[in-house]
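Source file structure.txt; content: compact mmCIF, C-alpha atoms.
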# COMPACT_ATOMS: atom_id res chain seq x y z
CA MET A 1 138.91 -170.00 222.85
CA ALA A 2 142.05 -167.93 223.37
CA ALA A 3 142.08 -165.64 226.40
CA LYS A 4 143.36 -162.90 224.10
CA LYS A 5 141.03 -160.18 222.92
CA ILE A 6 141.22 -158.20 219.71
CA ASP A 7 141.24 -154.49 220.55
CA THR A 8 138.85 -152.41 218.46
CA SER A 9 137.66 -148.83 218.67
CA ILE A 10 135.74 -146.36 216.58
CA GLN A 11 137.98 -143.56 215.38
CA ASP A 12 136.81 -140.88 212.96
CA GLY A 13 133.92 -143.13 211.92
CA VAL A 14 136.27 -146.08 211.22
CA ASN A 15 136.28 -149.44 212.97
CA LEU A 16 139.93 -149.59 213.97
CA ILE A 17 141.12 -153.13 214.62
CA SER A 18 144.47 -153.62 216.36
CA LEU A 19 145.31 -157.17 215.37
CA PRO A 20 147.44 -159.13 217.85
CA ASN A 21 150.06 -161.54 216.62
CA VAL A 22 147.77 -163.74 214.58
CA SER A 23 150.27 -166.47 214.17
CA GLU A 24 149.46 -167.58 217.70
CA LYS A 25 147.36 -170.58 218.53
CA ASP A 26 143.57 -170.19 218.88
CA MET A 27 143.55 -166.98 216.91
CA LYS A 28 141.46 -168.59 214.18
CA GLU A 29 138.45 -169.14 216.51
CA LEU A 30 138.76 -165.65 217.97
CA LEU A 31 138.90 -164.14 214.52
CA GLU A 32 135.91 -166.19 213.35
CA MET A 33 133.80 -164.75 216.17
CA SER A 34 135.18 -161.21 215.90
CA THR A 35 134.78 -160.86 212.15
CA LYS A 36 131.09 -161.76 212.46
CA GLN A 37 130.70 -158.94 214.99
CA TRP A 38 132.63 -156.47 212.86
CA LEU A 39 130.36 -157.16 209.89
CA LEU A 40 127.38 -156.06 211.97
CA LEU A 41 128.88 -152.68 212.79
CA PRO A 42 127.42 -149.64 211.00
CA GLU A 43 130.85 -148.24 210.13
CA LYS A 44 131.60 -148.27 206.41
CA ILE A 45 135.38 -148.40 206.78
CA HIS A 46 137.43 -150.95 208.71
CA ALA A 47 141.13 -150.41 209.35
CA PHE A 48 143.67 -153.01 210.45
CA ASP A 49 146.57 -151.85 212.57
CA LEU A 50 149.10 -154.60 211.78
CA GLY A 51 151.88 -153.30 214.04
CA LYS A 52 151.98 -156.49 216.11
CA VAL A 53 151.62 -158.95 213.22
CA THR A 54 154.67 -160.71 211.80
CA ASN A 55 152.89 -163.23 209.66
CA PHE A 56 149.55 -165.06 209.42
CA ASP A 57 148.95 -168.75 210.04
CA PRO A 58 146.73 -170.27 207.36
CA GLY A 59 143.64 -170.52 209.56
CA SER A 60 143.76 -166.89 210.71
CA LEU A 61 144.56 -165.67 207.23
CA SER A 62 141.55 -167.46 205.75
CA GLN A 63 139.27 -165.84 208.40
CA ILE A 64 140.56 -162.39 207.58
CA LEU A 65 140.34 -162.92 203.83
CA SER A 66 136.78 -164.16 204.24
CA PHE A 67 135.99 -161.02 206.24
CA LEU A 68 137.51 -158.76 203.58
CA LYS A 69 135.49 -160.54 200.90
CA SER A 70 132.30 -160.02 202.95
CA LEU A 71 133.08 -156.33 203.31
CA LYS A 72 133.37 -156.02 199.55
CA LYS A 73 129.97 -157.71 199.07
CA VAL A 74 128.26 -155.11 201.28
CA GLU A 75 130.19 -152.26 199.63
CA LYS A 76 132.24 -151.44 202.68
CA ASN A 77 135.91 -150.51 202.58
CA HIS A 78 139.04 -151.40 204.44
CA PHE A 79 142.73 -150.61 204.62
CA SER A 80 145.76 -151.74 206.63
CA PHE A 81 148.67 -149.80 208.05
CA ASN A 82 151.69 -150.18 210.34
CA VAL A 83 152.98 -153.03 208.22
CA SER A 84 156.50 -154.14 209.18
CA PRO A 85 159.05 -155.02 206.47
CA LEU A 86 158.85 -158.67 207.59
CA LEU A 87 155.07 -158.76 207.19
CA MET A 88 155.30 -156.89 203.90
CA SER A 89 157.60 -159.64 202.54
CA PHE A 90 155.13 -162.25 203.70
CA LEU A 91 152.18 -160.49 202.04
CA LYS A 92 154.12 -159.88 198.82
CA GLU A 93 155.07 -163.52 198.68
CA LYS A 94 151.40 -164.50 199.00
CA GLY A 95 150.29 -161.87 196.48
CA LEU A 96 148.12 -160.19 199.13
CA THR A 97 149.40 -156.62 199.30
CA SER A 98 146.55 -155.16 197.27
CA THR A 99 144.00 -157.37 199.07
CA PHE A 100 145.06 -155.82 202.34
CA ASN A 101 145.07 -152.30 200.76
CA ILE A 102 148.18 -151.18 202.59
CA LYS A 103 148.58 -147.52 203.47
CA SER A 104 151.40 -145.62 205.17
CA SER A 105 149.27 -144.50 208.12
CA PHE A 106 145.74 -144.40 209.52
CA ASP A 107 145.27 -140.84 208.28
CA ASP A 108 146.54 -141.76 204.84
CA GLY A 109 144.07 -144.63 204.63
CA LEU A 110 141.20 -142.50 205.92
CA ASN A 111 141.97 -139.74 203.43
CA ALA A 112 142.20 -142.20 200.54
CA LEU A 113 138.83 -143.77 201.35
CA SER A 114 137.14 -140.50 202.28
CA GLY A 115 137.51 -138.92 198.85
CA GLY A 116 140.73 -137.10 199.65
CA LYS A 117 139.21 -135.08 202.46
CA LYS A 118 140.09 -135.68 206.09
CA LYS A 119 136.78 -135.45 207.86
CA GLN A 120 138.14 -134.30 211.18
CA VAL A 121 137.56 -131.12 212.98
CA ASP A 122 140.75 -129.52 214.21
CA ALA A 123 140.47 -128.99 217.98
CA LYS A 124 141.25 -125.30 217.64
CA LEU A 125 138.25 -124.91 215.34
CA LEU A 126 136.02 -126.06 218.20
CA LYS A 127 137.15 -123.29 220.55
CA PRO A 128 135.05 -120.54 218.89
CA PHE A 129 131.95 -122.70 219.42
CA ILE A 130 132.90 -123.40 223.05
CA ASP A 131 133.60 -119.71 223.71
CA GLY A 132 130.43 -118.68 221.86
CA ALA A 133 128.32 -121.01 223.99
CA SER A 134 129.93 -119.91 227.26
CA ASN A 135 129.46 -116.26 226.36
CA ALA A 136 125.86 -116.63 225.17
CA PHE A 137 124.80 -118.52 228.28
CA GLN A 138 126.68 -116.30 230.71
CA VAL A 139 125.53 -112.98 229.25
CA GLN A 140 122.03 -113.79 227.98
CA VAL A 141 120.89 -116.63 230.22
CA GLY A 142 122.92 -115.69 233.29
CA ILE A 143 124.29 -119.19 233.90
CA ASN A 144 127.79 -120.64 233.63
CA LEU A 145 128.42 -123.54 231.33
CA LYS A 146 131.03 -126.12 232.22
CA GLY A 147 132.58 -127.57 229.08
CA GLU A 148 133.43 -131.27 228.99
CA SER A 149 135.77 -133.18 226.68
CA PRO A 150 134.67 -133.24 223.03
CA TYR A 151 134.25 -136.63 221.39
CA SER A 152 132.95 -138.05 218.16
CA LYS A 153 130.13 -140.44 217.39
CA ALA A 154 128.36 -141.86 214.38
CA HIS A 155 124.87 -140.44 214.75
CA MET A 156 123.25 -137.05 215.24
CA TYR A 157 121.07 -136.43 218.29
CA GLU A 158 120.43 -138.74 221.21
CA GLU A 159 117.42 -140.48 222.73
CA GLY A 160 116.04 -138.03 225.24
CA ASP A 161 116.73 -134.91 223.18
CA ALA A 162 113.60 -132.81 223.49
CA ILE A 163 114.60 -129.79 221.42
CA ALA A 164 117.45 -128.77 219.19
CA GLY A 165 118.41 -125.63 217.34
CA GLN A 166 119.96 -126.55 213.99
CA VAL A 167 121.77 -124.50 211.40
CA ASN A 168 122.64 -125.92 207.98
CA VAL A 169 125.71 -124.55 206.26
CA ASN A 170 126.10 -125.16 202.55
CA LEU A 171 129.18 -123.39 201.20
CA PRO A 172 131.98 -124.53 198.93
CA ASN A 173 134.40 -124.77 201.85
CA PHE A 174 132.02 -125.89 204.59
CA LYS A 175 129.00 -128.13 204.23
CA GLY A 176 127.39 -129.50 207.34
CA GLU A 177 125.10 -129.00 210.28
CA ILE A 178 125.60 -127.43 213.68
CA CYS A 179 123.09 -128.23 216.41
CA LEU A 180 122.45 -127.22 220.01
CA CYS A 181 120.66 -130.05 221.80
CA PHE A 182 118.73 -130.06 225.07
CA SER A 183 116.80 -132.54 227.17
CA GLU A 184 113.36 -131.33 228.28
CA ALA A 185 114.59 -130.53 231.79
CA SER A 186 117.68 -128.64 230.69
CA PHE A 187 115.71 -126.58 228.14
CA ILE A 188 112.89 -125.71 230.52
CA GLY A 189 115.46 -124.63 233.12
CA THR A 190 117.43 -122.62 230.58
CA TYR A 191 114.27 -120.96 229.20
CA GLY A 192 113.21 -119.99 232.72
CA ALA A 193 116.60 -118.42 233.40
CA LEU A 194 116.65 -116.72 229.98
CA LEU A 195 113.24 -115.08 230.09
CA GLY A 196 112.22 -115.21 233.74
CA GLU A 197 109.18 -117.24 232.66
CA GLU A 198 108.42 -120.73 233.93
CA ILE A 199 107.08 -123.15 231.34
CA SER A 200 105.89 -126.66 232.03
CA LYS A 201 106.43 -127.99 228.52
CA ILE A 202 108.16 -127.04 225.31
CA ASP A 203 105.91 -125.69 222.59
CA GLU A 204 106.42 -123.94 219.25
CA GLU A 205 106.57 -120.54 220.88
CA SER A 206 109.22 -121.41 223.46
CA ALA A 207 111.13 -123.67 221.05
CA ASP A 208 112.74 -120.80 219.18
CA ALA A 209 114.84 -120.03 222.23
CA ALA A 210 117.01 -122.99 221.17
CA SER A 211 117.38 -121.42 217.72
CA GLU A 212 118.20 -118.02 219.15
CA LEU A 213 120.87 -119.38 221.50
CA LEU A 214 122.42 -121.29 218.61
CA ASN A 215 122.21 -118.10 216.53
CA MET A 216 124.39 -116.35 219.11
CA ILE A 217 126.85 -119.25 219.28
CA TYR A 218 127.12 -119.58 215.50
CA GLY A 219 127.42 -115.81 215.08
CA HIS A 220 130.34 -115.69 217.49
CA ALA A 221 132.05 -118.75 215.99
CA LYS A 222 131.54 -117.46 212.45
CA THR A 223 133.16 -114.13 213.29
CA ILE A 224 136.24 -115.85 214.77
CA LEU A 225 136.53 -118.57 212.12
CA ASN A 226 136.29 -116.04 209.30
CA ARG A 227 138.67 -113.57 210.91
CA ASP A 228 141.32 -115.89 212.35
CA PHE A 229 141.10 -119.04 210.24
CA GLY A 230 140.38 -117.66 206.81
CA MET A 231 137.03 -119.38 206.52
CA VAL A 232 134.22 -117.76 204.58
CA LEU A 233 131.15 -118.71 206.59
CA GLU A 234 127.98 -116.81 205.85
CA PRO A 235 125.04 -115.89 208.05
CA ALA A 236 122.52 -118.70 208.47
CA ILE A 237 119.13 -118.76 210.15
CA PRO A 238 118.76 -121.61 212.66
CA LYS A 239 115.56 -123.59 212.99
CA ALA A 240 114.13 -125.37 216.03
CA ILE A 241 113.47 -129.10 215.89
CA LEU A 242 111.15 -130.60 218.49
CA ASN A 243 111.93 -134.14 219.70
CA PRO A 244 114.72 -134.88 217.22
CA LYS A 245 115.42 -138.58 216.88
CA PRO A 246 118.91 -140.09 216.58
CA VAL A 247 119.89 -140.43 212.93
CA LYS A 248 122.92 -142.17 211.50
CA SER A 249 125.48 -139.82 210.01
CA ALA A 250 127.62 -140.67 207.01
CA ASN A 251 130.34 -138.56 208.59
CA PRO A 252 131.61 -138.36 212.18
CA VAL A 253 129.59 -136.16 214.49
CA ILE A 254 131.76 -134.01 216.74
CA VAL A 255 130.15 -133.50 220.12
CA ILE A 256 130.97 -130.66 222.52
CA PRO A 257 129.19 -131.48 225.78
CA PHE A 258 128.39 -128.96 228.50
CA ASN A 259 126.98 -129.13 231.98
CA SER A 260 124.99 -126.36 233.64
CA ASP A 261 122.87 -125.74 236.72
CA HIS A 262 119.87 -126.85 234.67
CA GLY A 263 121.41 -130.01 233.26
CA LYS A 264 123.40 -131.11 230.26
CA LEU A 265 123.37 -129.78 226.73
CA ARG A 266 125.49 -130.41 223.66
CA ILE A 267 126.72 -128.80 220.51
CA GLU A 268 126.97 -131.28 217.63
CA ILE A 269 128.90 -130.51 214.45
CA VAL A 270 128.86 -132.63 211.30
CA ILE A 271 131.01 -131.76 208.34
CA HIS A 272 130.16 -133.43 205.03
CA MET B 1 117.19 -90.71 227.23
CA PHE B 2 114.19 -91.42 225.04
CA ASP B 3 110.83 -90.56 226.55
CA PRO B 4 109.39 -93.76 228.06
CA SER B 5 106.21 -93.20 226.07
CA THR B 6 108.17 -93.64 222.82
CA HIS B 7 106.55 -96.35 220.72
CA VAL B 8 109.18 -99.00 220.00
CA LEU B 9 109.03 -101.32 216.97
CA VAL B 10 110.83 -104.59 217.81
CA VAL B 11 111.72 -106.63 214.74
CA ASP B 12 113.07 -110.20 214.93
CA ASP B 13 112.02 -113.52 213.41
CA MET B 14 112.53 -115.20 216.81
CA LYS B 15 109.78 -114.61 219.36
CA THR B 16 112.29 -115.27 222.16
CA MET B 17 114.50 -112.39 221.04
CA ARG B 18 111.52 -110.01 220.73
CA LYS B 19 110.59 -110.92 224.32
CA LEU B 20 114.16 -110.30 225.51
CA VAL B 21 114.31 -106.86 223.88
CA ILE B 22 110.88 -105.89 225.20
CA ARG B 23 111.81 -107.10 228.69
CA ALA B 24 115.02 -105.05 228.66
CA CYS B 25 113.21 -101.95 227.36
CA THR B 26 110.38 -102.40 229.89
CA GLN B 27 112.98 -102.36 232.66
CA LEU B 28 114.06 -98.97 231.26
CA GLY B 29 110.50 -97.66 231.53
CA PHE B 30 109.26 -98.11 227.97
CA THR B 31 105.62 -99.17 227.78
CA ASN B 32 104.60 -99.06 224.13
CA PHE B 33 105.68 -101.83 221.81
CA THR B 34 104.78 -103.27 218.42
CA GLU B 35 106.37 -106.51 217.22
CA ALA B 36 107.21 -107.63 213.70
CA GLY B 37 108.61 -110.97 212.52
CA ASP B 38 110.70 -109.70 209.60
CA GLY B 39 111.63 -106.61 207.63
CA ALA B 40 108.63 -106.81 205.32
CA GLU B 41 106.16 -106.98 208.21
CA ALA B 42 108.00 -104.13 209.94
CA TRP B 43 107.78 -101.96 206.83
CA GLY B 44 104.06 -102.59 206.75
CA VAL B 45 103.83 -101.13 210.27
CA LEU B 46 106.13 -98.18 209.55
CA SER B 47 104.55 -97.19 206.27
CA SER B 48 100.97 -97.16 207.56
CA SER B 49 99.44 -93.73 207.74
CA ASP B 50 98.79 -93.88 211.49
CA SER B 51 102.23 -95.19 212.45
CA LYS B 52 103.46 -93.65 215.67
CA ILE B 53 106.71 -95.59 215.89
CA GLY B 54 109.47 -93.49 217.43
CA LEU B 55 112.28 -96.04 217.64
CA VAL B 56 113.18 -99.22 215.74
CA ILE B 57 115.22 -102.08 217.24
CA SER B 58 115.73 -104.69 214.56
CA ASP B 59 117.55 -107.98 214.10
CA TRP B 60 119.76 -108.19 211.03
CA ASN B 61 119.45 -111.76 209.84
CA MET B 62 115.80 -112.54 209.06
CA PRO B 63 114.00 -114.37 206.28
CA ASN B 64 112.05 -112.41 203.63
CA SER B 65 113.63 -109.06 204.36
CA THR B 66 116.69 -108.47 206.52
CA GLY B 67 117.26 -105.76 209.07
CA LEU B 68 119.67 -104.07 206.67
CA ASP B 69 117.02 -104.12 203.91
CA LEU B 70 114.57 -102.56 206.35
CA LEU B 71 117.08 -99.89 207.40
CA LYS B 72 117.72 -98.90 203.79
CA ARG B 73 114.02 -98.68 203.13
CA VAL B 74 113.43 -96.61 206.26
CA ARG B 75 116.20 -94.17 205.37
CA SER B 76 115.06 -93.77 201.78
CA ASP B 77 111.49 -92.78 202.69
CA GLN B 78 110.71 -89.21 203.69
CA ARG B 79 108.12 -90.33 206.23
CA THR B 80 110.52 -92.55 208.13
CA GLY B 81 113.97 -91.33 207.08
CA LYS B 82 114.86 -89.80 210.42
CA LEU B 83 113.66 -92.62 212.68
CA PRO B 84 116.19 -93.77 215.30
CA PHE B 85 117.24 -97.26 214.25
CA ILE B 86 119.33 -99.79 216.19
CA LEU B 87 120.46 -103.04 214.55
CA LEU B 88 120.76 -106.12 216.72
CA THR B 89 122.88 -109.01 215.47
CA ALA B 90 124.81 -112.12 216.48
CA GLU B 91 127.73 -111.16 214.25
CA SER B 92 130.31 -108.45 214.67
CA GLU B 93 132.43 -108.64 211.54
CA ALA B 94 133.93 -105.34 210.41
CA SER B 95 132.32 -105.59 206.98
CA GLN B 96 128.88 -105.86 208.59
CA VAL B 97 129.44 -102.87 210.82
CA GLN B 98 130.62 -100.85 207.80
CA ALA B 99 127.55 -101.83 205.80
CA ALA B 100 125.26 -100.84 208.65
CA VAL B 101 126.96 -97.48 209.14
CA ALA B 102 126.88 -96.80 205.40
CA ALA B 103 123.14 -97.51 205.40
CA GLY B 104 122.59 -94.95 208.16
CA VAL B 105 122.19 -97.04 211.31
CA ASP B 106 122.25 -95.12 214.58
CA SER B 107 123.86 -97.95 216.52
CA TYR B 108 124.69 -101.63 216.41
CA LEU B 109 124.31 -104.09 219.30
CA VAL B 110 125.86 -107.55 219.27
CA LYS B 111 124.03 -110.52 220.80
CA PRO B 112 124.23 -111.70 223.48
CA PHE B 113 123.44 -108.43 225.21
CA THR B 114 122.65 -107.28 228.70
CA ALA B 115 119.92 -104.83 229.69
CA GLU B 116 122.73 -102.43 230.60
CA ALA B 117 124.13 -102.68 227.06
CA ILE B 118 120.76 -101.79 225.52
CA GLU B 119 120.41 -98.90 227.95
CA ALA B 120 123.86 -97.58 227.05
CA LYS B 121 123.10 -97.79 223.32
CA LEU B 122 119.75 -96.03 223.70
CA LYS B 123 121.34 -93.24 225.73
CA GLN B 124 124.11 -92.91 223.15
CA VAL B 125 121.65 -92.73 220.24
CA TYR B 126 119.45 -90.21 222.03
CA ALA B 127 122.40 -87.99 222.96
CA LYS B 128 123.72 -88.08 219.40
CA ARG B 129 120.34 -87.12 218.02
CA GLN B 130 119.97 -84.27 220.50
CA ALA B 131 123.41 -82.94 219.60
CA ALA B 132 122.73 -83.06 215.83
Go through the file and emit its structure as structure tokens.
Amino acid sequence: MAAKKIDTSIQDGVNLISLPNVSEKDMKELLEMSTKQWLLLPEKIHAFDLGKVTNFDPGSLSQILSFLKSLKKVEKNHFSFNVSPLLMSFLKEKGLTSTFNIKSSFDDGLNALSGGKKKQVDAKLLKPFIDGASNAFQVQVGINLKGESPYSKAHMYEEGDAIAGQVNVNLPNFKGEICLCFSEASFIGTYGALLGEEISKIDEESADAASELLNMIYGHAKTILNRDFGMVLEPAIPKAILNPKPVKSANPVIVIPFNSDHGKLRIEIVIH
Amino acid sequence: MFDPSTHVLVVDDMKTMRKLVIRACTQLGFTNFTEAGDGAEAWGVLSSSDSKIGLVISDWNMPNSTGLDLLKRVRSDQRTGKLPFILLTAESEASQVQAAVAAGVDSYLVKPFTAEAIEAKLKQVYAKRQAA
């Protein structure tokens, strides 16, 4: 087996594959193993970054074509980008340009396969949620939140989430969910700081504190997003969900993690 | 400032928020509270013949009947029309404030709030009422 590795990552819910120069020796075996793994991934879109590829040797090409055929069978999609003029000539000669579904960029491919809508959240749209959370916790709970770097993932909630406040937004320009997620320890600590009452477990009565905190965060974010970004978000009543289980999302889940004196918590945002 | 014996009606669909308001008001010396989970339930309390409510602190965004609906109902009824009424809300958009003022709210408090903020609002409302 070649010592080389094929770099892959999940970006915006897409399995992004940076193909090395597949005309090299031993690539066929590496591709045979890798394509089997890629087929097992939950992502519905696979993207090939062909920036390093000049042409394909027959063995490697047959592995990739087999993979693309398998994707079609399971109703998954793919596209390629970063195609050099040299590679484009090669693919045209072989009649493979439409098979590879070539796009001008990753974003172009994502938009084309996502129904014309880029399902990304602009970083500046996250700031109102971050500020809303910091303000709500500082003023109402009396604790400082330390924000950590946002990231995206493919499922809502995590194992170990004990309680979440969730608000569903269903408007022409914004459909999705916004959640505030706690572990048992972080919620019990937060509740104690919020109300000056110690609880040993989360019940239906204490659970609505998660909804109320999210209410404050969403209220703040809504005011800013409507005023400064021209959005038309409407009031929404959050609900509390006890012991939410991880659930696969059809769209990327944006996570804003925080740390506090009582442990970690997260805001999760999914836009449909 | 309001007499500490004033009976306060606290209206919010979230039990946590009702507790927070009551805790803040208790720190100010208030001792008499009735809770309601939405505007409809609150109206049931206010419209009863033996209602002794002297101050309403209500959330805006509630199922069944909002705080604004409740405010309009309170102001349109002779029995309750002059009740001091503070709206509590997570949103501070200008259009909301205008709607609340137009409906006759005494004051508007944005969540999150401190006990000091509630105290300041209550003093402001009381002073305005005394001056009128």
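Near Val97 (chain B), within 9 Å and counting all atoms listed in the file, sit Ser92, Ala102 and Tyr108 of chain B; same-chain residues fewer than 5 positions away were not included.
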Using all atoms listed in the file, determine which residues of chain A fall within 10 Å of chain B; present them as a PyMOL selection string. chain A and resi 132+135-142+191+194-196+204-224+226-227+235-239
Let me have the centre and edge lengths of the axis-aligned box enclosing all listed atoms of region 107-125 of chain B with 4 Å padding on every side, in Å to one decimal, as AutoDock Vina command-line options.
--center_x 122.8 --center_y -102.2 --center_z 223.5 --size_x 14.1 --size_y 27.0 --size_z 22.2
Every residue with an atom at most 12 Å from (129.0, -124.2, 206.7) (file coordinates; all atoms listed in the file) is what I'm after, so could you write them as a ChimeraX atom specification? /A:166-178,218-219,221-222,225-226,231-237,269-272
re CA of Ala24 (chain B) and CA of Leu122 (chain B): distance 11.3 Å
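The shell of residues at most 8 Å from region 74-83 of chain A, with only C-alpha atoms counted and near chain neighbours (fewer than 5 positions) removed, consists of Lys44, Ile45, His46, Ala47, Phe48, Asp49, Leu50, Gly51, Val53, Leu68, Met88, Phe100, Asn101, Ile102, Lys103, Ser104, Ser105, Phe106, Gly109 and Leu113 of chain A.
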How would the residues just picked look written out with C-alpha atoms as a tab-separated table (two decimals), keeping the file's coordinate frame?
chain	number	residue	atom	x	y	z
A	44	LYS	CA	131.60	-148.27	206.41
A	45	ILE	CA	135.38	-148.40	206.78
A	46	HIS	CA	137.43	-150.95	208.71
A	47	ALA	CA	141.13	-150.41	209.35
A	48	PHE	CA	143.67	-153.01	210.45
A	49	ASP	CA	146.57	-151.85	212.57
A	50	LEU	CA	149.10	-154.60	211.78
A	51	GLY	CA	151.88	-153.30	214.04
A	53	VAL	CA	151.62	-158.95	213.22
A	68	LEU	CA	137.51	-158.76	203.58
A	88	MET	CA	155.30	-156.89	203.90
A	100	PHE	CA	145.06	-155.82	202.34
A	101	ASN	CA	145.07	-152.30	200.76
A	102	ILE	CA	148.18	-151.18	202.59
A	103	LYS	CA	148.58	-147.52	203.47
A	104	SER	CA	151.40	-145.62	205.17
A	105	SER	CA	149.27	-144.50	208.12
A	106	PHE	CA	145.74	-144.40	209.52
A	109	GLY	CA	144.07	-144.63	204.63
A	113	LEU	CA	138.83	-143.77	201.35
Quote the spacing between CA of Leu28 (chain B) and CA of Ala42 (chain B) in Å to one decimal place. 22.8 Å
Nearest to Ala250 (chain A) by atom-to-atom distance, counting all atoms listed in the file, from A:Ala162, A:Leu96, A:Ile202, A:Ala154: A:Ala154
d(CA of Glu119 (chain B), CA of Phe30 (chain B)) in Å: 11.2 Å
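Between Gly59 (chain A) and the candidates A:Glu159, A:Leu86, A:Leu71, A:Glu29, the tightest atom-to-atom separation, counting only C-alpha atoms, involves A:Glu29.
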Residues within 9 Å of Ser260 (chain A), all atoms listed in the file, excluding chain neighbours under 6 positions, as a PyMOL selection string: chain A and resi 143-147+186+190
I'd like to know which of B:Leu70, B:Ile86, B:Cys25, B:Ile53 is closest to Val101 (chain B), using only C-alpha atoms. B:Ile86
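Compared by their closest atoms to Lys123 (chain B), and using only C-alpha atoms, the residues B:Pro84, B:Ile22, B:Val10, B:Asp77 rank with B:Pro84 nearest.
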Would you kindly return, as a VMD selection string, each protein, DNA or RNA residue with an atom no farther than 12 Å from any atom of Phe56 (chain A), considering only C-alpha atoms and excluding same-chain residues fewer than 3 positions away? chain A and resid 19 to 25 27 to 28 31 50 52 to 53 59 to 65 86 to 91 94 96
Serialized region 56-61 of chain B w/ all heavy atoms as a CSV table (one decimal), in the first residue's frame:
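part06.csv written:
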chain,number,residue,atom,x,y,z
B,56,VAL,N,-49.5,44.8,38.1
B,56,VAL,CA,-49.3,43.6,37.2
B,56,VAL,C,-47.9,43.7,36.6
B,56,VAL,O,-47.5,44.8,36.1
B,56,VAL,CB,-50.4,43.6,36.1
B,56,VAL,CG1,-50.2,42.4,35.2
B,56,VAL,CG2,-51.8,43.6,36.7
B,57,ILE,N,-47.2,42.6,36.7
B,57,ILE,CA,-45.9,42.5,36.0
B,57,ILE,C,-46.1,41.3,35.1
B,57,ILE,O,-46.2,40.2,35.5
B,57,ILE,CB,-44.7,42.3,36.9
B,57,ILE,CG1,-44.6,43.5,37.9
B,57,ILE,CG2,-43.4,42.1,36.1
B,57,ILE,CD1,-43.5,43.3,39.0
B,58,SER,N,-46.1,41.5,33.8
B,58,SER,CA,-46.4,40.5,32.8
B,58,SER,C,-45.4,40.3,31.7
B,58,SER,O,-44.9,41.3,31.1
B,58,SER,CB,-47.8,40.8,32.2
B,58,SER,OG,-48.1,39.8,31.2
B,59,ASP,N,-45.1,39.1,31.3
B,59,ASP,CA,-44.3,38.8,30.1
B,59,ASP,C,-45.2,39.2,28.9
B,59,ASP,O,-46.4,39.3,29.0
B,59,ASP,CB,-44.0,37.3,30.1
B,59,ASP,CG,-43.1,36.8,29.0
B,59,ASP,OD1,-42.3,37.7,28.5
B,59,ASP,OD2,-43.2,35.7,28.6
B,60,TRP,N,-44.5,39.4,27.8
B,60,TRP,CA,-45.2,39.7,26.6
B,60,TRP,C,-45.6,38.5,25.8
B,60,TRP,O,-46.7,38.2,25.5
B,60,TRP,CB,-44.3,40.6,25.7
B,60,TRP,CG,-44.9,41.1,24.4
B,60,TRP,CD1,-45.5,40.3,23.5
B,60,TRP,CD2,-44.9,42.4,24.0
B,60,TRP,NE1,-46.0,41.1,22.5
B,60,TRP,CE2,-45.6,42.4,22.8
B,60,TRP,CE3,-44.5,43.7,24.5
B,60,TRP,CZ2,-45.9,43.6,22.0
B,60,TRP,CZ3,-44.7,44.8,23.8
B,60,TRP,CH2,-45.4,44.8,22.6
B,61,ASN,N,-44.6,37.7,25.5
B,61,ASN,CA,-44.7,36.5,24.6
B,61,ASN,C,-45.2,35.3,25.3
B,61,ASN,O,-44.4,34.6,25.9
B,61,ASN,CB,-43.3,36.3,23.9
B,61,ASN,CG,-43.4,35.6,22.6
B,61,ASN,OD1,-44.5,35.5,22.0
B,61,ASN,ND2,-42.3,35.1,22.1
